[in-house]
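File shown: structure03.cif. Contents: mmCIF, C-alpha atoms.
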```
data_query
loop_
_atom_site.label_atom_id
_atom_site.label_comp_id
_atom_site.auth_asym_id
_atom_site.auth_seq_id
_atom_site.Cartn_x
_atom_site.Cartn_y
_atom_site.Cartn_z
CA MET T 1 -43.82 -6.83 93.11
CA PHE T 2 -43.00 -3.87 90.90
CA PHE T 3 -42.65 -1.16 93.53
CA LYS T 4 -38.89 -1.21 93.15
CA PHE T 5 -39.22 -0.18 89.51
CA LEU T 6 -41.07 3.02 90.45
CA PRO T 7 -38.02 5.32 90.02
CA PHE T 8 -37.69 4.33 86.36
CA PHE T 9 -41.41 4.80 85.78
CA LEU T 10 -41.29 8.28 87.30
CA LEU T 11 -38.33 9.23 85.14
CA TYR T 12 -40.30 8.18 82.11
CA LEU T 13 -43.38 10.14 83.15
CA ASN T 14 -41.39 13.28 83.83
CA GLY T 15 -39.75 13.13 80.43
CA LEU T 16 -36.27 13.10 81.94
CA CYS T 17 -35.11 10.25 79.78
CA ALA T 18 -34.94 9.81 76.05
CA GLN T 19 -36.86 6.69 75.07
CA VAL T 20 -34.87 3.74 73.71
CA GLU T 21 -36.79 0.69 72.64
CA TYR T 22 -35.28 -2.72 73.30
CA SER T 23 -35.94 -5.49 70.81
CA LEU T 24 -37.67 -8.69 71.83
CA GLU T 25 -34.43 -10.55 71.04
CA GLU T 26 -32.59 -8.38 73.56
CA LYS T 27 -35.26 -8.90 76.21
CA VAL T 28 -35.16 -12.68 75.82
CA GLY T 29 -31.36 -12.70 75.77
CA GLN T 30 -31.17 -10.94 79.14
CA LEU T 31 -32.60 -14.08 80.73
CA PHE T 32 -29.65 -16.23 79.54
CA MET T 33 -26.47 -16.96 81.52
CA ILE T 34 -24.03 -19.27 79.73
CA SER T 35 -20.65 -20.95 80.10
CA PHE T 36 -18.02 -21.26 77.38
CA HIS T 37 -14.56 -22.61 76.57
CA GLY T 38 -11.31 -20.71 76.73
CA ASN T 39 -9.53 -17.91 78.55
CA GLU T 40 -10.47 -15.27 76.00
CA VAL T 41 -13.45 -14.32 73.86
CA THR T 42 -13.48 -16.41 70.70
CA GLU T 43 -15.10 -15.36 67.42
CA GLU T 44 -17.90 -17.85 68.08
CA LEU T 45 -18.61 -16.43 71.54
CA GLU T 46 -18.50 -12.89 70.15
CA GLU T 47 -21.15 -13.83 67.59
CA ILE T 48 -23.37 -15.39 70.26
CA ILE T 49 -23.05 -12.30 72.47
CA ASP T 50 -24.02 -10.15 69.50
CA ARG T 51 -26.90 -12.28 68.19
CA VAL T 52 -28.35 -13.68 71.41
CA HIS T 53 -27.72 -10.57 73.55
CA ILE T 54 -26.91 -12.83 76.50
CA GLY T 55 -27.51 -11.40 79.94
CA GLY T 56 -24.56 -13.04 81.62
CA VAL T 57 -21.72 -15.57 81.67
CA ILE T 58 -20.31 -17.88 84.32
CA TYR T 59 -16.68 -18.96 84.69
CA PHE T 60 -15.55 -22.54 85.39
CA ASN T 61 -11.97 -23.69 85.88
CA PHE T 62 -12.66 -26.88 83.88
CA LEU T 63 -13.84 -24.78 80.92
CA ASN T 64 -11.86 -21.54 81.14
CA GLY T 65 -8.66 -22.92 82.66
CA GLU T 66 -6.81 -21.93 85.82
CA LEU T 67 -7.18 -18.20 85.34
CA SER T 68 -4.90 -15.78 87.16
CA ARG T 69 -6.34 -12.57 88.58
CA SER T 70 -5.02 -10.55 85.64
CA GLN T 71 -6.48 -13.07 83.18
CA VAL T 72 -9.86 -12.91 84.89
CA GLU T 73 -9.81 -9.13 84.74
CA ARG T 74 -8.87 -9.15 81.05
CA LEU T 75 -11.51 -11.75 80.14
CA SER T 76 -14.21 -9.83 82.01
CA HIS T 77 -13.19 -6.63 80.26
CA GLN T 78 -13.43 -8.37 76.87
CA ILE T 79 -16.92 -9.67 77.67
CA GLN T 80 -18.14 -6.24 78.73
CA SER T 81 -16.55 -4.48 75.77
CA PHE T 82 -19.22 -5.54 73.29
CA ARG T 83 -22.19 -3.35 72.52
CA GLY T 84 -25.52 -3.87 74.22
CA ILE T 85 -26.58 -4.21 77.83
CA PRO T 86 -23.65 -5.00 80.17
CA ARG T 87 -23.54 -8.64 81.26
CA TRP T 88 -23.67 -10.36 84.60
CA ILE T 89 -20.39 -12.19 85.22
CA ALA T 90 -20.68 -14.98 87.77
CA VAL T 91 -18.67 -17.72 89.44
CA ASP T 92 -19.07 -20.45 92.07
CA GLN T 93 -16.54 -19.20 94.61
CA GLU T 94 -17.89 -21.15 97.58
CA GLY T 95 -14.66 -22.38 99.12
CA GLY T 96 -13.18 -25.80 99.71
CA ARG T 97 -13.63 -28.13 96.75
CA VAL T 98 -15.90 -25.66 94.92
CA GLN T 99 -13.63 -22.68 94.36
CA ARG T 100 -13.43 -22.02 90.63
CA LEU T 101 -10.77 -19.31 90.85
CA THR T 102 -7.61 -20.22 92.77
CA LYS T 103 -4.56 -18.85 90.92
CA GLY T 104 -3.66 -15.70 92.83
CA PHE T 105 -6.96 -15.76 94.73
CA SER T 106 -7.17 -16.28 98.49
CA LYS T 107 -7.89 -19.83 99.57
CA ILE T 108 -11.39 -20.09 101.06
CA PRO T 109 -11.99 -22.73 103.72
CA GLU T 110 -14.79 -25.20 103.16
CA ALA T 111 -18.19 -24.18 104.52
CA SER T 112 -18.25 -26.86 107.21
CA PHE T 113 -15.28 -25.10 108.84
CA TRP T 114 -16.95 -21.67 109.05
CA LYS T 115 -18.73 -22.45 112.32
CA CYS T 116 -15.26 -22.52 113.92
CA MET T 117 -14.73 -18.89 112.86
CA SER T 118 -15.88 -15.74 114.66
CA PRO T 119 -18.60 -13.56 113.07
CA ASN T 120 -16.03 -10.81 112.43
CA ALA T 121 -13.72 -13.28 110.70
CA ILE T 122 -16.56 -14.45 108.46
CA VAL T 123 -17.45 -10.85 107.54
CA ALA T 124 -13.77 -10.21 106.74
CA MET T 125 -13.66 -13.36 104.61
CA GLY T 126 -16.75 -12.17 102.72
CA GLU T 127 -15.14 -8.78 102.14
CA LEU T 128 -11.94 -10.38 100.86
CA ILE T 129 -13.86 -12.65 98.45
CA GLY T 130 -15.93 -9.67 97.32
CA LYS T 131 -12.90 -7.45 96.76
CA GLU T 132 -11.00 -10.05 94.73
CA LEU T 133 -13.98 -10.96 92.55
CA LYS T 134 -15.05 -7.36 91.94
CA GLU T 135 -11.49 -6.45 90.92
CA GLY T 136 -11.78 -9.25 88.36
CA GLY T 137 -14.98 -7.78 86.95
CA ILE T 138 -17.19 -10.43 88.56
CA SER T 139 -20.54 -9.23 89.88
CA ILE T 140 -22.20 -12.42 91.15
CA ASN T 141 -21.00 -15.20 93.44
CA PHE T 142 -23.25 -18.27 93.59
CA SER T 143 -22.63 -18.58 97.31
CA PRO T 144 -23.35 -19.29 100.11
CA VAL T 145 -24.83 -22.77 100.05
CA VAL T 146 -27.50 -22.61 102.76
CA ASP T 147 -28.82 -26.15 102.37
CA LEU T 148 -28.79 -27.86 105.74
CA THR T 149 -26.18 -30.55 106.24
CA ASN T 150 -27.76 -33.94 105.57
CA LEU T 151 -26.23 -36.29 108.10
CA ASN T 152 -27.52 -39.30 106.14
CA SER T 153 -25.95 -38.31 102.82
CA ASN T 154 -22.59 -37.24 101.43
CA LEU T 155 -24.27 -35.41 98.55
CA LEU T 156 -22.96 -31.93 99.34
CA HIS T 157 -20.08 -33.18 101.48
CA SER T 158 -18.30 -30.19 103.03
CA ARG T 159 -20.19 -27.56 101.00
CA THR T 160 -22.83 -27.05 103.72
CA ILE T 161 -22.40 -25.02 106.89
CA SER T 162 -24.39 -26.93 109.47
CA SER T 163 -27.43 -29.11 110.16
CA SER T 164 -28.78 -26.31 112.38
CA ALA T 165 -30.90 -23.71 110.58
CA ASP T 166 -30.07 -21.05 113.18
CA GLU T 167 -26.35 -21.64 112.75
CA VAL T 168 -26.62 -21.50 108.95
CA ILE T 169 -28.58 -18.23 109.13
CA ALA T 170 -26.11 -16.50 111.45
CA ILE T 171 -22.99 -17.54 109.52
CA ALA T 172 -24.43 -16.93 106.04
CA LYS T 173 -25.70 -13.50 107.10
CA SER T 174 -22.18 -12.48 108.14
CA LEU T 175 -20.70 -13.72 104.86
CA LEU T 176 -23.36 -11.92 102.81
CA PHE T 177 -22.70 -8.72 104.75
CA GLY T 178 -19.07 -8.94 103.67
CA PHE T 179 -20.06 -9.54 100.04
CA ARG T 180 -22.42 -6.59 99.99
CA HIS T 181 -19.87 -4.26 101.60
CA GLU T 182 -17.68 -4.84 98.53
CA GLY T 183 -20.59 -4.58 96.07
CA LEU T 184 -20.69 -8.30 95.25
CA ILE T 185 -24.06 -10.03 94.81
CA GLY T 186 -24.34 -13.22 96.83
CA VAL T 187 -26.84 -15.89 95.78
CA ILE T 188 -28.34 -18.23 98.37
CA LYS T 189 -28.79 -21.77 97.07
CA HIS T 190 -30.26 -24.36 96.52
CA PHE T 191 -33.87 -23.43 97.36
CA PRO T 192 -35.69 -25.09 99.14
CA GLY T 193 -32.74 -27.16 100.34
CA HIS T 194 -30.89 -30.22 99.04
CA GLY T 195 -30.43 -31.24 102.64
CA ALA T 196 -33.89 -32.79 102.41
CA VAL T 197 -32.90 -35.22 99.61
CA ASN T 198 -30.31 -37.92 99.04
CA GLU T 199 -30.13 -37.91 95.23
CA ASP T 200 -27.84 -35.75 93.08
CA SER T 201 -29.67 -33.57 90.53
CA HIS T 202 -26.59 -33.67 88.31
CA LYS T 203 -27.54 -37.31 87.67
CA GLU T 204 -31.22 -37.83 88.56
CA VAL T 205 -34.35 -36.15 89.89
CA PRO T 206 -34.18 -35.84 93.69
CA VAL T 207 -37.48 -36.39 95.50
CA THR T 208 -38.30 -35.80 99.16
CA GLU T 209 -41.20 -37.15 101.19
CA LYS T 210 -40.53 -34.60 103.92
CA LYS T 211 -43.63 -32.78 105.09
CA PHE T 212 -43.89 -29.13 104.11
CA SER T 213 -44.58 -28.14 107.72
CA LEU T 214 -41.23 -29.66 108.70
CA LEU T 215 -39.45 -28.02 105.75
CA LEU T 216 -40.68 -24.64 107.01
CA LYS T 217 -39.05 -25.21 110.38
CA GLU T 218 -35.84 -26.70 109.02
CA ASP T 219 -34.63 -26.53 105.39
CA LEU T 220 -36.65 -23.49 104.33
CA ALA T 221 -35.82 -21.41 107.40
CA PRO T 222 -32.44 -20.09 106.10
CA PHE T 223 -33.96 -19.09 102.76
CA ILE T 224 -36.91 -17.32 104.36
CA CYS T 225 -34.71 -15.36 106.77
CA LEU T 226 -31.82 -14.61 104.40
CA SER T 227 -34.06 -13.63 101.48
CA GLN T 228 -34.31 -10.17 103.04
CA HIS T 229 -30.52 -9.80 102.84
CA VAL T 230 -29.85 -10.88 99.24
CA ASP T 231 -30.67 -9.82 95.69
CA ALA T 232 -30.87 -13.36 94.32
CA ILE T 233 -31.97 -16.93 95.04
CA MET T 234 -31.09 -20.08 93.08
CA THR T 235 -33.77 -22.75 92.83
CA ALA T 236 -33.07 -26.49 92.90
CA HIS T 237 -34.05 -29.27 90.54
CA MET T 238 -35.86 -31.36 93.15
CA ILE T 239 -39.42 -32.41 93.91
CA VAL T 240 -41.13 -31.86 97.24
CA LYS T 241 -44.06 -34.26 97.04
CA ASP T 242 -45.98 -32.65 99.91
CA PHE T 243 -45.97 -29.21 98.22
CA ASP T 244 -45.85 -29.75 94.45
CA PRO T 245 -45.66 -33.45 93.55
CA LYS T 246 -45.62 -32.81 89.78
CA PHE T 247 -42.89 -30.24 89.11
CA MET T 248 -39.31 -29.76 90.18
CA VAL T 249 -38.90 -26.52 92.13
CA SER T 250 -37.18 -24.64 89.26
CA PHE T 251 -40.19 -25.35 87.04
CA SER T 252 -42.95 -24.97 89.62
CA GLN T 253 -45.31 -21.98 89.49
CA LYS T 254 -46.45 -22.92 92.98
CA TRP T 255 -42.94 -22.72 94.41
CA ASN T 256 -42.13 -19.48 92.59
CA ALA T 257 -45.37 -17.99 93.93
CA PHE T 258 -44.25 -19.03 97.43
CA ILE T 259 -40.96 -17.16 96.93
CA ARG T 260 -42.68 -14.02 95.64
CA ASN T 261 -45.77 -13.92 97.84
CA ASP T 262 -45.11 -15.86 101.05
CA MET T 263 -41.45 -14.86 101.34
CA ASN T 264 -42.10 -11.38 99.88
CA PHE T 265 -38.96 -11.69 97.75
CA SER T 266 -38.62 -9.19 94.90
CA GLY T 267 -35.09 -10.07 93.82
CA LEU T 268 -33.78 -12.26 91.01
CA ILE T 269 -34.64 -15.95 90.78
CA PHE T 270 -31.93 -18.02 89.07
CA THR T 271 -32.48 -21.61 88.01
CA ASP T 272 -29.80 -24.11 88.81
CA SER T 273 -28.10 -25.22 85.60
CA LEU T 274 -30.57 -26.45 83.00
CA VAL T 275 -27.96 -28.77 81.50
CA MET T 276 -28.09 -31.17 84.46
CA ASP T 277 -29.28 -34.74 83.95
CA ALA T 278 -32.32 -34.17 86.17
CA VAL T 279 -33.64 -31.68 83.61
CA GLN T 280 -32.76 -33.90 80.66
CA LYS T 281 -34.75 -36.75 82.20
CA GLU T 282 -37.85 -34.65 82.89
CA TYR T 283 -38.06 -32.61 79.69
CA GLU T 284 -37.94 -33.64 76.04
CA SER T 285 -35.72 -30.69 75.12
CA LEU T 286 -33.89 -27.76 76.64
CA GLU T 287 -36.26 -25.48 74.77
CA THR T 288 -39.21 -27.00 76.63
CA ALA T 289 -37.38 -26.82 79.95
CA ALA T 290 -36.48 -23.15 79.39
CA ILE T 291 -40.06 -22.24 78.52
CA CYS T 292 -41.40 -24.02 81.60
CA ALA T 293 -38.85 -22.32 83.87
CA ILE T 294 -39.79 -18.87 82.57
CA GLU T 295 -43.51 -19.61 82.82
CA ALA T 296 -42.94 -20.72 86.40
CA GLY T 297 -41.28 -17.39 87.27
CA ALA T 298 -37.51 -17.70 86.74
CA ASP T 299 -35.62 -14.50 85.90
CA VAL T 300 -32.34 -16.04 84.73
CA LEU T 301 -31.84 -19.37 82.98
CA LEU T 302 -28.46 -20.84 83.82
CA PHE T 303 -26.93 -22.90 80.99
CA GLY T 304 -23.61 -23.41 82.73
CA GLY T 305 -21.23 -26.19 83.58
CA GLU T 306 -20.91 -29.79 82.50
CA SER T 307 -23.58 -31.00 80.10
CA PRO T 308 -24.56 -34.42 78.76
CA VAL T 309 -25.86 -32.58 75.67
CA GLY T 310 -23.25 -31.98 72.98
CA SER T 311 -19.53 -32.33 73.52
CA LYS T 312 -16.54 -30.79 75.27
CA LYS T 313 -18.24 -30.72 78.66
CA THR T 314 -20.61 -27.81 78.12
CA LEU T 315 -23.58 -26.88 75.95
CA PRO T 316 -22.44 -25.91 72.43
CA LEU T 317 -22.99 -22.22 71.73
CA PRO T 318 -25.16 -22.88 68.63
CA ARG T 319 -27.62 -24.68 70.93
CA ILE T 320 -27.87 -21.50 73.01
CA GLU T 321 -28.85 -19.59 69.89
CA ALA T 322 -31.45 -22.22 68.95
CA ILE T 323 -33.05 -22.05 72.40
CA HIS T 324 -33.08 -18.26 72.24
CA LYS T 325 -34.83 -18.39 68.87
CA THR T 326 -37.50 -20.76 70.17
CA LEU T 327 -38.24 -18.55 73.18
CA THR T 328 -38.37 -15.43 71.02
CA GLU T 329 -40.81 -17.03 68.58
CA LYS T 330 -43.04 -18.15 71.43
CA ALA T 331 -43.05 -14.65 72.93
CA LYS T 332 -44.21 -13.24 69.59
CA LYS T 333 -47.27 -15.51 69.61
CA ASP T 334 -48.07 -15.78 73.33
CA PRO T 335 -48.93 -12.52 75.17
CA VAL T 336 -48.76 -14.20 78.59
CA PHE T 337 -45.28 -15.55 77.89
CA LEU T 338 -44.20 -12.16 76.53
CA LYS T 339 -45.36 -10.52 79.75
CA ARG T 340 -43.22 -12.93 81.76
CA ILE T 341 -40.20 -12.16 79.56
CA GLU T 342 -40.68 -8.42 80.04
CA GLU T 343 -41.10 -8.77 83.80
CA SER T 344 -37.82 -10.66 84.17
CA PHE T 345 -36.07 -8.38 81.68
CA SER T 346 -37.04 -5.33 83.75
CA ARG T 347 -35.96 -7.00 86.96
CA ASN T 348 -32.54 -7.84 85.49
CA LEU T 349 -32.02 -4.25 84.37
CA TYR T 350 -33.15 -2.90 87.71
CA PHE T 351 -30.59 -4.95 89.64
CA LYS T 352 -27.83 -4.30 87.11
CA ASN T 353 -28.39 -0.61 87.74
CA LYS T 354 -28.70 -1.05 91.50
CA ARG T 355 -25.37 -2.88 91.68
CA GLY T 356 -23.53 -0.64 89.21
CA ILE T 357 -23.42 -3.08 86.27
CA PHE T 358 -25.64 -0.87 84.13
CA PRO T 359 -24.64 2.78 84.77
CA SER T 360 -27.43 5.21 85.67
CA ALA T 361 -26.40 7.55 82.85
CA GLN T 362 -27.01 4.73 80.39
CA LEU T 363 -30.27 3.69 82.05
CA CYS T 364 -31.57 7.24 81.86
CA GLN T 365 -31.80 6.84 78.12
CA THR T 366 -34.14 3.87 78.42
CA SER T 367 -37.68 3.02 79.35
CA PHE T 368 -39.24 -0.37 79.80
CA ALA T 369 -41.64 -0.56 76.88
CA GLU T 370 -44.73 -2.71 77.34
#
```
Translate the structure of the given file into structure tokens.
Amino acid sequence: MFFKFLPFFLLYLNGLCAQVEYSLEEKVGQLFMISFHGNEVTEELEEIIDRVHIGGVIYFNFLNGELSRSQVERLSHQIQSFRGIPRWIAVDQEGGRVQRLTKGFSKIPEASFWKCMSPNAIVAMGELIGKELKEGGISINFSPVVDLTNLNSNLLHSRTISSSADEVIAIAKSLLFGFRHEGLIGVIKHFPGHGAVNEDSHKEVPVTEKKFSLLLKEDLAPFICLSQHVDAIMTAHMIVKDFDPKFMVSFSQKWNAFIRNDMNFSGLIFTDSLVMDAVQKEYESLETAAICAIEAGADVLLFGGESPVGSKKTLPLPRIEAIHKTLTEKAKKDPVFLKRIEESFSRNLYFKNKRGIFPSAQLCQTSFAE
């Protein structure tokens, strides 16, 4: 699992880097990705960035407004201008009805249309999306959706590519190639596939009776194949009764072990947003949910988008700080939990360096202290 971190370990052994110790608060904060209001950094957001040391932010048009390309670039620059480890900046730029940035950005056709396009056209589309987002300072696109189309449900509507796993794999691979050519991180979602359920995790806990053996042939096939072509996977808030009947996938150690061991995936594991109703109904608090997600194996906790907790459509920033404090206090008392924090912290820094978010010159002054 840690073979990819070997270069940093060798630098440390050879004494090529001056040692800089990160605080526990910084390590915990790197696991947080949040949303916020406004088209510029407010004093409140600045304080949260400084105190929580958040690892990333995500933009939404219903929270940040209809941002132009120059506004996106300026906002991203503001977010990266604060001291500390540079932040992931993410967006859901899927296409169709889920395209968060539209003002001055190329219109992306809905995913159900992509099978009408040639492989070269899909690669070119991926490159165009990647170029526009990277110019705006965005490093992560939560796309493509590789859930299979559920012909018995309108849950994901036009957001899915096809009901054929082979077709999804071929098309998504071309899109991801285009992203990577421009240095954009694509995230395949929603593992292991909302195509197997009919319920919406924004409102309730989806449950599938589908046999695991059938999932392997169908819904899981795109994730297994494409995992070798991406740096990140997003897990779903759904229960597969035949595999882990107790926990939703985002909170399941068994499912995370499947991703790491059976799929041999060493990249980042993002949770879907923890402010969804499915999470609220399963866990007594967001603190508990966050702890369970980390213990299960998540690397980044997404607190983004519309939330039933608090007001103004998204989680209030003081709640982010409270959750961060709870996780930090637990890490101080629980060596096993601390080890999980440090593992995900190191993985985040590794991929920030790999994708140019955290410059090598800056990394060469650090070591990952145990």
Legend entry - Explicit residue set for the PyMOL selection byres ((chain T and resi 237) around 8), as a VMD selection string: chain T and resid 201 205 to 206 235 to 236 238 to 239 248 to 250 272 278 to 279
Those same residues, written as a tab-separated table (two decimals), keeping the file's coordinate frame with C-alpha atoms?
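Contents of the output file selection18.tsv:
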```tsv
chain	number	residue	atom	x	y	z
T	201	SER	CA	-29.67	-33.57	90.53
T	205	VAL	CA	-34.35	-36.15	89.89
T	206	PRO	CA	-34.18	-35.84	93.69
T	235	THR	CA	-33.77	-22.75	92.83
T	236	ALA	CA	-33.07	-26.49	92.90
T	238	MET	CA	-35.86	-31.36	93.15
T	239	ILE	CA	-39.42	-32.41	93.91
T	248	MET	CA	-39.31	-29.76	90.18
T	249	VAL	CA	-38.90	-26.52	92.13
T	250	SER	CA	-37.18	-24.64	89.26
T	272	ASP	CA	-29.80	-24.11	88.81
T	278	ALA	CA	-32.32	-34.17	86.17
T	279	VAL	CA	-33.64	-31.68	83.61
```
Legend entry - Residues selected by the PyMOL selection byres ((chain T and resi 155) around 10), written as a ChimeraX atom specification: /T:149-154,156-160,194-195,197-201
Inset, instruction - Could you list the residues chosen by the PyMOL selection byres ((chain T and resi 262) around 12) in this structure as number ranges by chain? - result: T: 216, 220, 223-225, 227, 254-261, 263-266
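A straight line drawn from atom CA of T:Ile185 to atom CA of T:Ser143 is 9.0 Å long.
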Inset, instruction - Have a look at T:Ile269, T:Ile108, T:Met125, T:Met276 and name the one nearest to T:Val300; count only C-alpha atoms. - result: T:Ile269
Inset, instruction - Do a neighbour search on stretch 71-84 of chain T at 8 Å with only C-alpha atoms, toss out local chain neighbours closer than 2 positions, and write the hits as a PyMOL selection string. - result: chain T and resi 39-41+49-50+53+67-69+86-87+89+135-138
Selected residues, C-alpha atoms, written as a short mmCIF file (atom, residue, chain, number, x, y, z; two decimals), in the frame of the given file, please.
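Saved to out_37.cif:
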```cif
data_model
loop_
_atom_site.label_atom_id
_atom_site.label_comp_id
_atom_site.auth_asym_id
_atom_site.auth_seq_id
_atom_site.Cartn_x
_atom_site.Cartn_y
_atom_site.Cartn_z
CA ASN T 39 -9.53 -17.91 78.55
CA GLU T 40 -10.47 -15.27 76.00
CA VAL T 41 -13.45 -14.32 73.86
CA ILE T 49 -23.05 -12.30 72.47
CA ASP T 50 -24.02 -10.15 69.50
CA HIS T 53 -27.72 -10.57 73.55
CA LEU T 67 -7.18 -18.20 85.34
CA SER T 68 -4.90 -15.78 87.16
CA ARG T 69 -6.34 -12.57 88.58
CA PRO T 86 -23.65 -5.00 80.17
CA ARG T 87 -23.54 -8.64 81.26
CA ILE T 89 -20.39 -12.19 85.22
CA GLU T 135 -11.49 -6.45 90.92
CA GLY T 136 -11.78 -9.25 88.36
CA GLY T 137 -14.98 -7.78 86.95
CA ILE T 138 -17.19 -10.43 88.56
#
```
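Ranking T:Lys115, T:Lys210, T:Arg51, T:Arg100 by their shortest atom-to-atom distance to T:Asn64, with only C-alpha atoms included, puts T:Arg100 first.
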Legend entry - Shell of 12 Å around T:Ile85, only C-alpha atoms, local chain residues under 4 positions omitted, as a PyMOL selection string: chain T and resi 22-23+26-27+29-31+49-50+52-56+79-81+345+348-350+352-353+357-359+362-363+366
Go ahead and dump the residues you just picked, C-alpha atoms, as a PDB file, in the frame of the given file.
```
ATOM      1  CA  TYR T  22     -35.280  -2.720  73.300  1.00  0.00           C
ATOM      2  CA  SER T  23     -35.940  -5.490  70.810  1.00  0.00           C
ATOM      3  CA  GLU T  26     -32.590  -8.380  73.560  1.00  0.00           C
ATOM      4  CA  LYS T  27     -35.260  -8.900  76.210  1.00  0.00           C
ATOM      5  CA  GLY T  29     -31.360 -12.700  75.770  1.00  0.00           C
ATOM      6  CA  GLN T  30     -31.170 -10.940  79.140  1.00  0.00           C
ATOM      7  CA  LEU T  31     -32.600 -14.080  80.730  1.00  0.00           C
ATOM      8  CA  ILE T  49     -23.050 -12.300  72.470  1.00  0.00           C
ATOM      9  CA  ASP T  50     -24.020 -10.150  69.500  1.00  0.00           C
ATOM     10  CA  VAL T  52     -28.350 -13.680  71.410  1.00  0.00           C
ATOM     11  CA  HIS T  53     -27.720 -10.570  73.550  1.00  0.00           C
ATOM     12  CA  ILE T  54     -26.910 -12.830  76.500  1.00  0.00           C
ATOM     13  CA  GLY T  55     -27.510 -11.400  79.940  1.00  0.00           C
ATOM     14  CA  GLY T  56     -24.560 -13.040  81.620  1.00  0.00           C
ATOM     15  CA  ILE T  79     -16.920  -9.670  77.670  1.00  0.00           C
ATOM     16  CA  GLN T  80     -18.140  -6.240  78.730  1.00  0.00           C
ATOM     17  CA  SER T  81     -16.550  -4.480  75.770  1.00  0.00           C
ATOM     18  CA  PHE T 345     -36.070  -8.380  81.680  1.00  0.00           C
ATOM     19  CA  ASN T 348     -32.540  -7.840  85.490  1.00  0.00           C
ATOM     20  CA  LEU T 349     -32.020  -4.250  84.370  1.00  0.00           C
ATOM     21  CA  TYR T 350     -33.150  -2.900  87.710  1.00  0.00           C
ATOM     22  CA  LYS T 352     -27.830  -4.300  87.110  1.00  0.00           C
ATOM     23  CA  ASN T 353     -28.390  -0.610  87.740  1.00  0.00           C
ATOM     24  CA  ILE T 357     -23.420  -3.080  86.270  1.00  0.00           C
ATOM     25  CA  PHE T 358     -25.640  -0.870  84.130  1.00  0.00           C
ATOM     26  CA  PRO T 359     -24.640   2.780  84.770  1.00  0.00           C
ATOM     27  CA  GLN T 362     -27.010   4.730  80.390  1.00  0.00           C
ATOM     28  CA  LEU T 363     -30.270   3.690  82.050  1.00  0.00           C
ATOM     29  CA  THR T 366     -34.140   3.870  78.420  1.00  0.00           C
TER      30      THR T 366
END
```
Inset, instruction - Name all residues at most 10 Å from T:Val168 (count only C-alpha atoms; drop same-chain ones fewer than 2 positions away) and give them as JSON, numbers by chain. - result: {"T": [111, 114, 115, 144, 145, 146, 147, 148, 149, 160, 161, 162, 163, 164, 165, 166, 170, 171, 172, 173, 221, 222, 223, 226]}
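Residue nearest T:Gly186 within the list T:Gln93, T:Ser252, T:Thr271, T:Gln99: T:Gln93 [criterion: smallest interatomic distance, only C-alpha atoms].
In this model, the gap between atom CA of T:Ile48 and atom CA of T:Lys131 comes to 29.6 Å.
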Inset, instruction - Figure out the distance between atom CA of T:Ser213 and atom CA of T:Asp277, please, to one decimal in Å. - result: 29.0 Å
Legend entry - Residue neighbourhood T:Gly297, 7 Å, all atoms listed in the file, exclusion window fewer than 3 positions, as a count of residues only: 4
